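Enquirer: So I've got this file, entry17.cif, and it contains mmCIF, C-alpha atoms and all ligand atoms:
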data_final
#
loop_
_atom_site.label_atom_id
_atom_site.label_comp_id
_atom_site.auth_asym_id
_atom_site.auth_seq_id
_atom_site.Cartn_x
_atom_site.Cartn_y
_atom_site.Cartn_z
CA MET A 1 -65.75 96.92 -5.51
CA SER A 2 -66.38 93.69 -7.39
CA ALA A 3 -64.61 90.35 -7.74
CA LYS A 4 -63.03 90.03 -11.20
CA LYS A 5 -64.56 86.59 -11.83
CA THR A 6 -67.34 84.51 -10.36
CA SER A 7 -66.07 83.01 -7.10
CA LEU A 8 -67.58 80.07 -5.24
CA LEU A 9 -67.71 80.71 -1.51
CA TYR A 10 -69.02 78.48 1.27
CA ILE A 11 -70.81 80.26 4.13
CA ALA A 12 -70.34 78.34 7.39
CA THR A 13 -73.72 79.11 8.91
CA ASN A 14 -76.97 77.34 9.65
CA ASN A 15 -78.77 80.61 10.32
CA ALA A 16 -81.06 81.25 7.32
CA HIS A 17 -81.33 84.97 8.12
CA LYS A 18 -77.57 85.42 8.07
CA LEU A 19 -77.32 83.43 4.84
CA LYS A 20 -79.90 85.70 3.21
CA GLU A 21 -77.96 88.80 4.26
CA PHE A 22 -74.69 87.30 2.95
CA SER A 23 -76.38 86.53 -0.34
CA GLN A 24 -77.69 90.09 -0.71
CA LEU A 25 -74.33 91.58 0.26
CA LEU A 26 -72.02 89.31 -1.75
CA SER A 27 -73.95 88.50 -4.93
CA PRO A 28 -73.30 91.97 -6.45
CA HIS A 29 -69.58 91.26 -6.06
CA GLY A 30 -69.63 88.13 -8.22
CA PHE A 31 -69.79 85.51 -5.47
CA VAL A 32 -71.86 82.34 -5.80
CA LEU A 33 -72.69 81.08 -2.32
CA LYS A 34 -73.08 77.60 -0.90
CA SER A 35 -74.03 76.91 2.68
CA ALA A 36 -73.03 74.48 5.42
CA ALA A 37 -76.36 72.71 4.81
CA ASP A 38 -75.25 71.96 1.22
CA LEU A 39 -72.51 69.82 2.82
CA GLY A 40 -74.92 68.17 5.25
CA LEU A 41 -73.29 70.03 8.16
CA ASN A 42 -76.23 71.01 10.35
CA ASP A 43 -74.54 71.53 13.69
CA ILE A 44 -71.18 73.26 13.52
CA PRO A 45 -69.38 73.44 16.89
CA GLU A 46 -68.51 76.82 18.42
CA GLU A 47 -66.56 76.39 21.65
CA GLY A 48 -64.39 79.52 21.66
CA HIS A 49 -64.25 82.39 24.14
CA SER A 50 -64.58 85.23 21.62
CA PHE A 51 -66.41 86.05 18.40
CA ALA A 52 -63.14 85.63 16.49
CA GLU A 53 -62.35 82.20 17.98
CA ASN A 54 -65.87 80.95 17.22
CA ALA A 55 -65.81 82.32 13.67
CA LEU A 56 -62.45 80.61 13.03
CA GLN A 57 -63.71 77.30 14.40
CA LYS A 58 -66.81 77.42 12.16
CA ALA A 59 -64.76 78.40 9.09
CA HIS A 60 -62.21 75.62 9.71
CA THR A 61 -64.93 72.99 10.14
CA VAL A 62 -66.54 73.82 6.81
CA PHE A 63 -63.26 74.40 4.96
CA HIS A 64 -62.05 70.94 6.01
CA ALA A 65 -65.30 69.42 4.72
CA CYS A 66 -65.32 71.15 1.31
CA GLY A 67 -61.71 72.26 0.62
CA LEU A 68 -63.02 75.48 -0.91
CA PRO A 69 -62.84 79.11 0.28
CA THR A 70 -65.11 79.52 3.29
CA LEU A 71 -66.43 82.47 5.24
CA ALA A 72 -67.93 82.13 8.74
CA ASP A 73 -69.76 84.72 10.83
CA ASP A 74 -69.89 84.81 14.60
CA SER A 75 -71.91 87.74 15.76
CA GLY A 76 -73.98 89.05 18.63
CA LEU A 77 -75.12 91.90 20.80
CA GLU A 78 -73.10 93.45 23.63
CA VAL A 79 -75.07 95.56 26.12
CA ASP A 80 -73.00 97.93 28.27
CA ALA A 81 -75.31 97.80 31.31
CA LEU A 82 -74.98 93.99 31.28
CA ASP A 83 -71.17 94.04 31.10
CA GLY A 84 -71.24 92.96 27.46
CA ALA A 85 -73.88 90.21 27.76
CA PRO A 86 -75.32 88.40 25.87
CA GLY A 87 -72.15 88.64 23.71
CA ILE A 88 -71.01 85.34 22.26
CA TYR A 89 -74.07 83.71 23.89
CA SER A 90 -76.55 85.89 21.96
CA ALA A 91 -78.11 83.03 19.98
CA ARG A 92 -79.18 81.03 23.10
CA TYR A 93 -79.40 83.87 25.65
CA ALA A 94 -82.75 82.64 27.03
CA GLY A 95 -81.91 78.92 26.79
CA THR A 96 -83.48 76.83 24.05
CA HIS A 97 -86.99 77.73 22.87
CA ASP A 98 -89.29 77.12 19.89
CA ASN A 99 -89.37 80.84 19.20
CA GLN A 100 -85.75 81.42 20.12
CA ASP A 101 -85.37 85.02 18.89
CA GLN A 102 -88.50 86.18 20.72
CA ALA A 103 -87.48 84.45 23.97
CA ASN A 104 -84.06 86.15 23.75
CA ARG A 105 -85.64 89.57 23.22
CA HIS A 106 -88.05 89.11 26.13
CA LYS A 107 -85.18 88.13 28.44
CA LEU A 108 -83.20 91.18 27.34
CA LEU A 109 -86.16 93.49 28.06
CA ARG A 110 -86.56 91.93 31.52
CA GLU A 111 -82.85 92.38 32.30
CA LEU A 112 -82.98 96.07 31.32
CA GLN A 113 -86.35 96.82 32.95
CA GLY A 114 -86.45 100.29 34.51
CA LEU A 115 -83.29 101.57 32.83
CA PRO A 116 -83.65 104.83 30.88
CA LYS A 117 -82.40 105.24 27.29
CA GLU A 118 -79.04 106.70 28.41
CA GLN A 119 -78.26 103.43 30.21
CA ARG A 120 -79.34 101.12 27.39
CA SER A 121 -76.33 101.57 25.06
CA ALA A 122 -75.29 98.49 23.12
CA HIS A 123 -73.53 97.39 19.95
CA PHE A 124 -73.72 94.55 17.50
CA ARG A 125 -70.43 92.86 16.64
CA CYS A 126 -69.58 90.59 13.75
CA ALA A 127 -66.37 88.59 13.36
CA LEU A 128 -65.87 87.08 9.92
CA ALA A 129 -63.32 84.31 9.47
CA PHE A 130 -62.06 83.47 5.99
CA CYS A 131 -60.30 80.15 5.33
CA ALA A 132 -58.80 78.99 2.06
CA ASP A 133 -55.61 77.08 1.07
CA ASN A 134 -52.78 78.44 3.28
CA THR A 135 -55.02 81.32 4.29
CA GLN A 136 -56.74 82.31 7.52
CA GLU A 137 -57.99 85.87 8.06
CA ILE A 138 -60.33 87.65 10.47
CA PHE A 139 -62.39 90.78 9.76
CA GLU A 140 -64.58 92.66 12.23
CA GLY A 141 -67.52 95.05 12.10
CA ARG A 142 -69.52 96.89 14.76
CA LEU A 143 -72.79 98.85 14.89
CA SER A 144 -73.49 101.09 17.91
CA GLY A 145 -76.90 102.07 19.24
CA HIS A 146 -79.24 101.34 22.14
CA ILE A 147 -81.89 98.86 23.24
CA THR A 148 -85.42 100.26 22.90
CA LEU A 149 -88.05 100.03 25.66
CA GLU A 150 -90.23 97.70 23.57
CA GLU A 151 -90.17 95.67 20.36
CA ARG A 152 -90.80 97.74 17.23
CA GLY A 153 -91.04 96.60 13.60
CA ALA A 154 -91.48 93.29 11.84
CA GLY A 155 -88.38 92.95 9.65
CA GLY A 156 -84.93 91.51 10.32
CA PHE A 157 -84.24 88.79 12.88
CA GLY A 158 -82.74 88.21 16.30
CA TYR A 159 -82.55 91.43 18.32
CA ASP A 160 -83.36 93.77 15.39
CA MET A 161 -86.79 94.74 16.85
CA LEU A 162 -85.03 96.07 19.96
CA PHE A 163 -82.02 97.78 18.41
CA GLN A 164 -81.95 101.41 17.34
CA ALA A 165 -78.68 102.40 15.67
CA ASP A 166 -77.06 105.72 16.56
CA GLY A 167 -78.45 108.51 14.37
CA GLN A 168 -81.71 106.65 13.61
CA ASN A 169 -85.15 106.97 15.18
CA VAL A 170 -86.37 103.53 14.12
CA THR A 171 -85.23 100.01 14.97
CA LEU A 172 -83.41 97.72 12.53
CA ALA A 173 -86.72 95.84 12.17
CA GLU A 174 -88.51 99.01 10.98
CA ILE A 175 -86.15 99.74 8.08
CA SER A 176 -85.81 97.89 4.79
CA GLN A 177 -83.35 95.02 4.41
CA ASP A 178 -81.32 97.23 2.04
CA ALA A 179 -81.18 99.99 4.66
CA LYS A 180 -80.01 97.53 7.33
CA ASN A 181 -77.43 96.07 4.94
CA ALA A 182 -76.04 99.57 4.32
CA ILE A 183 -75.08 100.11 7.98
CA SER A 184 -74.88 96.72 9.67
CA HIS A 185 -71.99 95.17 11.59
CA ARG A 186 -72.07 92.39 8.96
CA ARG A 187 -71.76 94.93 6.12
CA LYS A 188 -68.74 96.56 7.79
CA ALA A 189 -66.96 93.24 8.36
CA LEU A 190 -67.77 92.20 4.78
CA ASN A 191 -66.36 95.46 3.42
CA ALA A 192 -63.07 94.64 5.13
CA PHE A 193 -63.20 91.11 3.69
CA LEU A 194 -63.98 92.40 0.17
CA ASN A 195 -61.15 94.90 0.34
CA TYR A 196 -58.76 92.07 1.29
CA TYR A 197 -60.13 89.57 -1.25
CA GLU A 198 -60.19 91.93 -4.19
CA ASN A 199 -56.64 93.07 -3.50
CA THR A 200 -55.20 89.57 -3.10
CA SER A 201 -54.12 88.38 -6.52
CA LYS A 202 -54.33 84.62 -5.80
CA PHE A 203 -58.11 85.04 -5.46
CA THR A 204 -58.83 87.48 -8.25
CA LEU A 205 -56.43 86.56 -11.07
P1 LIG A 301 -74.49 80.02 13.01
O1 LIG A 301 -73.58 79.77 14.19
O2 LIG A 301 -74.94 78.78 12.34
O3 LIG A 301 -73.93 81.04 12.06
P2 LIG A 301 -76.15 81.36 15.00
O4 LIG A 301 -77.46 82.10 14.93
O5 LIG A 301 -75.99 80.34 16.11
O6 LIG A 301 -75.88 80.69 13.57
P3 LIG A 301 -74.14 83.03 16.23
O7 LIG A 301 -73.65 81.99 17.17
O8 LIG A 301 -73.14 83.92 15.55
O9 LIG A 301 -75.00 82.41 15.05
O10 LIG A 301 -75.18 83.95 17.04
C1 LIG A 301 -75.65 85.11 16.45
C2 LIG A 301 -76.86 85.61 17.24
O11 LIG A 301 -76.67 87.03 17.49
C3 LIG A 301 -78.10 85.51 16.39
O12 LIG A 301 -78.77 84.28 16.60
C4 LIG A 301 -78.91 86.71 16.86
O13 LIG A 301 -79.58 86.41 18.06
C5 LIG A 301 -77.82 87.74 17.15
N1 LIG A 301 -77.52 88.54 15.95
C6 LIG A 301 -76.40 88.51 15.18
N2 LIG A 301 -76.50 89.35 14.15
C7 LIG A 301 -77.70 89.93 14.25
C8 LIG A 301 -78.39 90.87 13.46
O14 LIG A 301 -77.88 91.35 12.33
N3 LIG A 301 -79.60 91.25 13.86
C9 LIG A 301 -80.15 90.76 14.98
N4 LIG A 301 -79.59 89.85 15.78
C10 LIG A 301 -78.36 89.42 15.42
#
Is it possible to express this structure as structure tokens?

Expert:
Amino acid sequence: MSAKKTSLLYIATNNAHKLKEFSQLLSPHGFVLKSAADLGLNDIPEEGHSFAENALQKAHTVFHACGLPTLADDSGLEVDALDGAPGIYSARYAGTHDNQDQANRHKLLRELQGLPKEQRSAHFRCALAFCADNTQEIFEGRLSGHITLEERGAGGFGYDMLFQADGQNVTLAEISQDAKNAISHRRKALNAFLNYYENTSKFTL
């Protein structure tokens, strides 16, 4: 799949790790990316009750500021033994800390202390909202696996050091960025977006 011409796309995120993954995943398809920071938007509200609602709110905020096609990601980790927590609260699960990702991982390990592998099932979810003139679409992706007993690996971000995808024997932080991008929840949601975008003539003609 590839866009037929170079397309400018705003990414409504302030998370540098997400932006890097979007860049790796979308550049081969002819997209040139700009970020929320390029518009001076450093704190985009997310007040919804679902990944999709939050993604739409972020996409609308940036689209109204730039008037150009915008993609927003709201994503997180749902752990079955915790009734789906941290879910939409994944980014600030442990409150606000200097080393936010590490504090979140430590809290998750504490919450799951004593549970064997069979009771540590979890999945990452990603909702992507796309806004453009007269257009609003949502795409979703999911990656299933389990939460490991300890942190392993040094790559990735967020909960990657604790997440082992089904069929793998290493965490997302122990594999290359390309290998993560091949299977991730973000990749799956982006595939759905690309399929839509590249088959919608008003964007590709
Ligand atoms: P923006 O709202 O600016 O995009 P954010 O980090 O606040 O940035 P979210 O509200 O969508 O974004 O929260 C996503 C959190 O879920 C993120 O901070 C991580 O803790 C976790 N997360 C999402 N995708 C992940 C991934 O691929 N690997 C590891 N953790 C991930």

Enquirer: Can you check which parts of range 112-185 of chain A lie within 12 Å of range 37-50 of chain A? Per residue, the shortest pair of atoms and distance in Å to one decimal, counting all atoms listed in the file, sorted by chain and number, as a tab-separated table.

Expert:
residue	atom	partner	partner_atom	distance
A:Arg125	CA	A:Ser50	CA	10.8
A:Cys126	CA	A:Ser50	CA	10.8
A:Ala127	CA	A:Ser50	CA	9.1
A:Leu128	CA	A:Ser50	CA	11.9
A:Glu140	CA	A:Ser50	CA	12.0

Enquirer: I'd like the interatomic distance between CA of Val79 in chain A and CA of Phe124 in chain A, to a tenth of an Å.

Expert: 8.8 Å

Enquirer: Which is closest to ligand LIG 301 (chain A) among A:Asn191, A:Asn15, A:Thr148, A:Asn99, if we use all atoms listed in the file?

Expert: A:Asn15

Enquirer: Choose the residue, out of A:Asn199, A:Thr204, A:Thr61, A:Asn54, that has the smallest atom-to-atom separation from Gly76 in chain A; count only C-alpha atoms.

Expert: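 Nearest to Gly76 in chain A: A:Asn54.
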
Enquirer: As a quick test: using all atoms listed in the file, which residues lie no more than 7 Å away from ligand LIG 301 (chain A)? Give them as a PyMOL selection string.

Expert: chain A and resi 12-15+18+44+72-77+88-91+101+124+156-160+184+186

Enquirer: Could you please give me, as a list of chain:residue names, the residues of protein, DNA or RNA lying at most 8 Å from (-73.5, 81.3, -3.5) in the coordinate frame of the file, considering only C-alpha atoms?

Expert: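 Residues with an atom close enough to that point: A:Leu8, A:Leu9, A:Tyr10, A:Ser23, A:Ser27, A:Phe31, A:Val32, A:Leu33, A:Lys34, A:Ser35.
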
Enquirer: Smallest atom-to-atom distance to Pro86 in chain A: which of A:Ala103, A:Leu108, A:Ala132, A:Cys66, using only C-alpha atoms?

Expert: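 Smallest distance to Pro86 in chain A is found for A:Leu108.
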
Enquirer: Between CA of Ala52 in chain A and CA of Leu71 in chain A, what is the distance in Å, rounded to a tenth?

Expert: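 CA of Leu71 in chain A lies 12.1 Å from CA of Ala52 in chain A.
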
Enquirer: Please indicate the distance in Å from CA of Gly95 in chain A to CA of Leu162 in chain A, rounded to one decimal place.

Expert: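 Taking CA of Gly95 in chain A as the start and CA of Leu162 in chain A as the end point, the length is 18.7 Å.
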
Enquirer: Find, counting only C-alpha atoms, the residue in A:Ser7, A:Thr171, A:Leu109, A:Arg152 that gets nearest to Glu198 in chain A.

Expert: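 When distances to Glu198 in chain A are compared using only C-alpha atoms, the smallest one comes from A:Ser7.
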
Enquirer: Please determine, counting only C-alpha atoms, which residue among A:Asn104, A:Thr70, A:Gln57, A:Gln24 has the shortest atom-to-atom distance to Glu151 in chain A.

Expert: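 Closest residue, counting only C-alpha atoms: A:Asn104.
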
Enquirer: Using only C-alpha atoms, can you tell me which of A:Leu19, A:Val170, A:Ala129, A:Ala192 comes closest to His146 in chain A?

Expert: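 Using only C-alpha atoms, the shortest distance to His146 in chain A belongs to A:Val170.
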
Enquirer: Since fewer atoms than expected are present, regenerate N, CA and C atoms for range 2-30 of chain A and write them as an mmCIF file, in the coordinates of the input.

Expert:
data_model
loop_
_atom_site.group_PDB
_atom_site.id
_atom_site.type_symbol
_atom_site.label_atom_id
_atom_site.label_comp_id
_atom_site.auth_asym_id
_atom_site.auth_seq_id
_atom_site.Cartn_x
_atom_site.Cartn_y
_atom_site.Cartn_z
ATOM 1 N N SER A 2 -65.755 94.922 -6.939
ATOM 2 C CA SER A 2 -66.380 93.690 -7.390
ATOM 3 C C SER A 2 -65.294 92.675 -7.718
ATOM 4 N N ALA A 3 -65.573 91.394 -7.418
ATOM 5 C CA ALA A 3 -64.610 90.350 -7.740
ATOM 6 C C ALA A 3 -64.473 90.299 -9.257
ATOM 7 N N LYS A 4 -63.246 89.962 -9.758
ATOM 8 C CA LYS A 4 -63.030 90.030 -11.200
ATOM 9 C C LYS A 4 -63.648 88.839 -11.918
ATOM 10 N N LYS A 5 -63.933 87.747 -11.205
ATOM 11 C CA LYS A 5 -64.560 86.590 -11.830
ATOM 12 C C LYS A 5 -65.548 86.026 -10.819
ATOM 13 N N THR A 6 -66.395 85.126 -11.277
ATOM 14 C CA THR A 6 -67.340 84.510 -10.360
ATOM 15 C C THR A 6 -66.570 83.608 -9.399
ATOM 16 N N SER A 7 -66.806 83.766 -8.106
ATOM 17 C CA SER A 7 -66.070 83.010 -7.100
ATOM 18 C C SER A 7 -67.036 82.221 -6.242
ATOM 19 N N LEU A 8 -66.747 80.921 -6.099
ATOM 20 C CA LEU A 8 -67.580 80.070 -5.240
ATOM 21 C C LEU A 8 -67.105 80.226 -3.803
ATOM 22 N N LEU A 9 -68.049 80.466 -2.908
ATOM 23 C CA LEU A 9 -67.710 80.710 -1.510
ATOM 24 C C LEU A 9 -68.689 79.937 -0.631
ATOM 25 N N TYR A 10 -68.153 79.141 0.286
ATOM 26 C CA TYR A 10 -69.020 78.480 1.270
ATOM 27 C C TYR A 10 -69.234 79.410 2.452
ATOM 28 N N ILE A 11 -70.486 79.467 2.944
ATOM 29 C CA ILE A 11 -70.810 80.260 4.130
ATOM 30 C C ILE A 11 -71.103 79.270 5.257
ATOM 31 N N ALA A 12 -70.255 79.328 6.300
ATOM 32 C CA ALA A 12 -70.340 78.340 7.390
ATOM 33 C C ALA A 12 -71.388 78.747 8.407
ATOM 34 N N THR A 13 -72.643 78.778 7.973
ATOM 35 C CA THR A 13 -73.720 79.110 8.910
ATOM 36 C C THR A 13 -74.915 78.202 8.697
ATOM 37 N N ASN A 14 -75.670 77.990 9.763
ATOM 38 C CA ASN A 14 -76.970 77.340 9.650
ATOM 39 C C ASN A 14 -78.098 78.308 9.952
ATOM 40 N N ASN A 15 -77.768 79.577 10.047
ATOM 41 C CA ASN A 15 -78.770 80.610 10.320
ATOM 42 C C ASN A 15 -79.253 81.176 8.976
ATOM 43 N N ALA A 16 -80.512 80.868 8.635
ATOM 44 C CA ALA A 16 -81.060 81.250 7.320
ATOM 45 C C ALA A 16 -81.088 82.764 7.132
ATOM 46 N N HIS A 17 -81.289 83.504 8.217
ATOM 47 C CA HIS A 17 -81.330 84.970 8.120
ATOM 48 C C HIS A 17 -79.950 85.521 7.746
ATOM 49 N N LYS A 18 -78.929 84.987 8.405
ATOM 50 C CA LYS A 18 -77.570 85.420 8.070
ATOM 51 C C LYS A 18 -77.256 85.089 6.609
ATOM 52 N N LEU A 19 -77.622 83.865 6.207
ATOM 53 C CA LEU A 19 -77.320 83.430 4.840
ATOM 54 C C LEU A 19 -77.961 84.368 3.824
ATOM 55 N N LYS A 20 -79.196 84.785 4.115
ATOM 56 C CA LYS A 20 -79.900 85.700 3.210
ATOM 57 C C LYS A 20 -79.134 87.036 3.131
ATOM 58 N N GLU A 21 -78.692 87.532 4.277
ATOM 59 C CA GLU A 21 -77.960 88.800 4.260
ATOM 60 C C GLU A 21 -76.636 88.646 3.498
ATOM 61 N N PHE A 22 -75.935 87.524 3.697
ATOM 62 C CA PHE A 22 -74.690 87.300 2.950
ATOM 63 C C PHE A 22 -74.960 87.275 1.453
ATOM 64 N N SER A 23 -76.051 86.624 1.077
ATOM 65 C CA SER A 23 -76.380 86.530 -0.340
ATOM 66 C C SER A 23 -76.622 87.914 -0.928
ATOM 67 N N GLN A 24 -77.406 88.733 -0.218
ATOM 68 C CA GLN A 24 -77.690 90.090 -0.710
ATOM 69 C C GLN A 24 -76.413 90.931 -0.797
ATOM 70 N N LEU A 25 -75.527 90.732 0.182
ATOM 71 C CA LEU A 25 -74.330 91.580 0.260
ATOM 72 C C LEU A 25 -73.225 91.126 -0.689
ATOM 73 N N LEU A 26 -73.153 89.818 -0.964
ATOM 74 C CA LEU A 26 -72.020 89.310 -1.750
ATOM 75 C C LEU A 26 -72.347 89.054 -3.215
ATOM 76 N N SER A 27 -73.609 88.788 -3.533
ATOM 77 C CA SER A 27 -73.950 88.500 -4.930
ATOM 78 C C SER A 27 -73.520 89.624 -5.876
ATOM 79 N N PRO A 28 -73.727 90.901 -5.521
ATOM 80 C CA PRO A 28 -73.300 91.970 -6.450
ATOM 81 C C PRO A 28 -71.802 91.987 -6.705
ATOM 82 N N HIS A 29 -71.034 91.277 -5.893
ATOM 83 C CA HIS A 29 -69.580 91.260 -6.060
ATOM 84 C C HIS A 29 -69.097 90.008 -6.785
ATOM 85 N N GLY A 30 -70.022 89.265 -7.382
ATOM 86 C CA GLY A 30 -69.630 88.130 -8.220
ATOM 87 C C GLY A 30 -69.450 86.827 -7.466
#
